[in-house]
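K.L.:
Following this message is one structure expressed as structure tokens.
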Amino acid sequence: MLDGMPLVDAHVHAPRLATLKPAWREWAARFAGRYDWRSAYDDDGVPVPARLDALFEREGVDRALLFCEYSPRATGVQPIEDNLPLVEHNPERFRLVANVNPHLHHPLASEVERQLDLGAVALKVHPVHGGFDPGDKELYAAYHVCADRGVPVIVHTGSSSFPGSRARFGDPALMLDPVDDFPDVNFVFAHGGRGWWYDTAAFLAQSKPNVWLDIAGLPPAKLPEYYARVDLVRLASRMVFGTDWPGIPGVAHNARALAALGWSGEVLRGVLSGNAAKLFPGLDI
């Protein structure tokens with residue numbers, strides 16, 4: 001817990017550094033600044049489960065959702081299997097998130113099922129790094145599995161600074177058909193439409209009961225600026241806290257910056273943990 005409140009970081013990257021493109025390491029160094037995330041790794045760039053667990057304990061994180069990613073054109077390939085030792089070390093704190101790329105995985109449905117069978121509590125698709133339209137009917141095979149399993153789909157929305165990215169696939173409007181065609185699937189728009197599409201993401205989150213926003217990668221103090229055209233407190237009821245760890249000044253730092261916005265305790269608890277508990281199965285928080 002952090003300052004008496006449960007805390008879920010629903011957007012964490014803890015890959016082996018050898019699997020990453022140089023731009024990823026540059027990104028982490030730039031945005032983390034003096035935050036010592038590297039202390040959770042050994043000299044070979046492999047996350048040490050006990051060290052990472054202790055770091056998140058110090059940060060007050062009760063649950064952390066670990067992302068894998070299959071994006072060779074942008075950041076590299078970080079297999080879900082690399083996260084298994086972290087979950088095995090502390091299955092209460094750490095949970096897996098699956099990832100598929102239609103350019104690499106075929107058939108999609110069986111790969112989603114395989115990763116969910118490893119214990120993943122959600123599926124993420126990264127159209128910007130993968131270079132594909134997330135609303136393409138080919139992805140429906142993956143969304144059908146999530147509907148059957150009762151797990152949410154996290155979709156990267158907004159821009160990305162990594163070479164090889166295709167920002168046009170970050171438009172939240174590309175998800176209009178899947179959102180309507182899979183009303184029983186909760187879709188979480190990662191990064192909340194960052195860049196050009198804050199208004200689009202906010203409108204969909206407020207008008208579609210199965211759309212949510214994660215605020216990973218967004219400085220909390222800037223949320224009133226990014227969502228200036230909407231009622232931010234109302235929108236917060238559709239928000240999930242995440243950090244995009246390690247490219248941040250710290251999990252506790254970001255959570256406290258969110259608390260500084262002056263929201264009520266009920267709204268803040270929802271963003272920090274309550275909404276995640278509704279979305280991701282088995283968090284038990």
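Starting from 1 in every chain, residues are counted up; chains themselves are A, B, ... following the order of the structure tokens, and ligands are numbered from 1 as listed.
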Excluding segment 121-137 of chain A and its own-chain neighbours fewer than 4 positions away, which residues fall within 9 Å of it when counting only C-alpha atoms? Please give them as JSON, numbers by chain.
P.N.:
{"A": [65, 67, 68, 69, 70, 71, 72, 73, 74, 75, 95, 96, 97, 98, 99, 100, 101, 102, 103, 112, 115, 116, 141, 142, 143, 146, 150, 151, 152, 153, 154, 155, 156, 157, 158, 159, 160, 162, 163, 164, 165, 166, 167, 168, 169, 170, 173, 174, 175, 176, 177, 178, 188, 279, 280, 281, 282, 283]}
K.L.:
Write out as number ranges by chain each polymer residue whose atoms come within 9 Å of segment 216-233 of chain A, counting only C-alpha atoms; drop sequence neighbours fewer than 3 positions from it.
P.N.:
A: 9-12, 190-192, 194-195, 198-199, 202-203, 236-237, 240-245, 247-248, 254-261, 263-264, 267
K.L.:
With a distance cut-off of 12 Å and only C-alpha atoms, select the neighbouring residues of Glu92 of chain A, excluding the residue or stretch itself and same-chain residues fewer than 6 positions from it, and output the selection as number ranges by chain.
P.N.:
A: 8, 53, 57, 61-65, 86, 282-285
K.L.:
Determine which residues of segment 84-222 of chain A receive a DSSP assignment of helix (DSSP H, G or I), computed from the backbone, and state them as a PyMOL selection string.
P.N.:
chain A and resi 84-89+108-117+127-130+137-149+167-170+172-181+198-207+220-222
K.L.:
Between atom CA of Arg238 of chain A and atom CA of Ser161 of chain A, what is the distance in Å, rounded to a tenth?
P.N.:
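Atom-to-atom, atom CA of Arg238 of chain A and atom CA of Ser161 of chain A are spaced 25.9 Å apart.
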K.L.:
Near Asp44 of chain A, within 10 Å and counting only C-alpha atoms, which residues show up once chain neighbours fewer than 2 positions away are dropped, as a PyMOL selection string?
P.N.:
chain A and resi 16-18+41-42+46-47
K.L.:
Residues of segment 10-147 of chain A classed as strand (DSSP E) by DSSP on the backbone are to be reported as a list of chain:residue names.
P.N.:
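Here is the list: A:Ala10, A:His11, A:Val12, A:His13, A:Arg63, A:Ala64, A:Leu65, A:Leu66, A:Phe67, A:Glu69, A:Tyr70, A:Ser71, A:Gly76, A:Val77, A:Gln78, A:Phe94, A:Arg95, A:Leu96, A:Val97, A:Ala98, A:Asn99, A:Leu123, A:Lys124, A:Val125.
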K.L.:
In Å, how far is it from atom CA of Leu272 of chain A to atom CA of Leu235 of chain A?
P.N.:
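Result for atom CA of Leu272 of chain A versus atom CA of Leu235 of chain A: 13.9 Å, one decimal.
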K.L.:
Tell me, as a VMD selection string, which residues lie within 10 Å of Leu204 of chain A, counting only C-alpha atoms; anything in the same chain fewer than 6 positions away does not count.
P.N.:
chain A and resid 172 to 173 175 to 176 179 189 210 to 213
K.L.:
Write the residues of the selection above to a file with all heavy atoms, as a compact mmCIF listing (two decimals), in the first residue's frame.
P.N.:
# COMPACT_ATOMS: atom_id res chain seq x y z
N PRO A 172 -7.33 6.06 -31.54
CA PRO A 172 -8.34 5.25 -30.85
C PRO A 172 -9.58 4.96 -31.70
O PRO A 172 -10.26 3.96 -31.46
CB PRO A 172 -8.71 6.12 -29.63
CG PRO A 172 -7.56 7.03 -29.44
CD PRO A 172 -7.01 7.30 -30.81
N ALA A 173 -9.85 5.81 -32.68
CA ALA A 173 -11.03 5.60 -33.53
C ALA A 173 -10.93 4.30 -34.32
O ALA A 173 -11.96 3.76 -34.76
CB ALA A 173 -11.23 6.78 -34.48
N MET A 175 -10.50 1.59 -33.14
CA MET A 175 -11.09 0.54 -32.31
C MET A 175 -12.61 0.61 -32.24
O MET A 175 -13.23 -0.16 -31.50
CB MET A 175 -10.52 0.63 -30.89
CG MET A 175 -9.06 0.22 -30.79
SD MET A 175 -8.77 -1.48 -31.31
CE MET A 175 -9.74 -2.39 -30.11
N LEU A 176 -13.22 1.49 -33.02
CA LEU A 176 -14.67 1.65 -32.94
C LEU A 176 -15.41 0.34 -33.24
O LEU A 176 -16.34 -0.03 -32.51
CB LEU A 176 -15.12 2.74 -33.92
CG LEU A 176 -14.94 4.18 -33.42
CD1 LEU A 176 -15.14 5.17 -34.57
CD2 LEU A 176 -15.91 4.48 -32.29
N VAL A 179 -14.85 -2.37 -30.39
CA VAL A 179 -15.56 -1.98 -29.17
C VAL A 179 -17.04 -2.29 -29.29
O VAL A 179 -17.67 -2.78 -28.33
CB VAL A 179 -15.32 -0.48 -28.88
CG1 VAL A 179 -16.32 0.04 -27.86
CG2 VAL A 179 -13.89 -0.25 -28.40
N PHE A 189 -7.48 1.60 -23.25
CA PHE A 189 -6.66 2.38 -24.17
C PHE A 189 -5.41 2.86 -23.42
O PHE A 189 -5.46 3.82 -22.65
CB PHE A 189 -7.44 3.56 -24.73
CG PHE A 189 -8.54 3.19 -25.69
CD1 PHE A 189 -9.37 4.17 -26.23
CD2 PHE A 189 -8.76 1.88 -26.07
CE1 PHE A 189 -10.37 3.85 -27.12
CE2 PHE A 189 -9.77 1.54 -26.97
CZ PHE A 189 -10.57 2.53 -27.49
N ASN A 210 -17.54 -0.23 -22.25
CA ASN A 210 -16.44 -1.19 -22.24
C ASN A 210 -15.11 -0.57 -22.65
O ASN A 210 -14.18 -1.28 -23.04
CB ASN A 210 -16.75 -2.40 -23.12
CG ASN A 210 -17.02 -2.05 -24.58
OD1 ASN A 210 -17.45 -0.94 -24.89
ND2 ASN A 210 -16.77 -2.98 -25.49
N VAL A 211 -15.00 0.76 -22.55
CA VAL A 211 -13.74 1.44 -22.85
C VAL A 211 -13.20 2.12 -21.60
O VAL A 211 -13.94 2.82 -20.89
CB VAL A 211 -13.90 2.47 -23.98
CG1 VAL A 211 -12.63 3.30 -24.15
CG2 VAL A 211 -14.24 1.79 -25.30
N TRP A 212 -11.92 1.91 -21.35
CA TRP A 212 -11.22 2.49 -20.20
C TRP A 212 -9.92 3.11 -20.69
O TRP A 212 -9.46 2.80 -21.80
CB TRP A 212 -10.91 1.41 -19.16
CG TRP A 212 -12.13 0.70 -18.65
CD1 TRP A 212 -12.86 -0.24 -19.32
CD2 TRP A 212 -12.77 0.88 -17.39
NE1 TRP A 212 -13.92 -0.67 -18.55
CE2 TRP A 212 -13.89 0.01 -17.36
CE3 TRP A 212 -12.51 1.67 -16.28
CZ2 TRP A 212 -14.73 -0.08 -16.27
CZ3 TRP A 212 -13.34 1.58 -15.18
CH2 TRP A 212 -14.44 0.71 -15.18
N LEU A 213 -9.30 3.93 -19.88
CA LEU A 213 -8.02 4.55 -20.22
C LEU A 213 -6.98 4.14 -19.18
O LEU A 213 -7.26 4.20 -17.98
CB LEU A 213 -8.12 6.08 -20.24
CG LEU A 213 -9.22 6.72 -21.07
CD1 LEU A 213 -9.11 8.24 -20.96
CD2 LEU A 213 -9.14 6.29 -22.53
K.L.:
With only C-alpha atoms as the basis for distance, which of A:Val251, A:Val185, A:Val77, A:Leu118 is at the shortest distance from Leu7 of chain A?
P.N.:
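Comparing A:Val251, A:Val185, A:Val77, A:Leu118 against Leu7 of chain A, the winner is A:Val251.
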K.L.:
May I ask which of the residues A:Tyr140, A:Phe94, A:Phe182, A:Trp24 is the closest one to Ala54 of chain A, counting only C-alpha atoms?
P.N.:
A:Phe94
K.L.:
Which of these, A:Ile80, A:Ile215, A:Ala120, A:Val145, has the shortest distance to Pro15 of chain A once you count only C-alpha atoms?
P.N.:
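Using only C-alpha atoms, the shortest distance to Pro15 of chain A belongs to A:Ile80.
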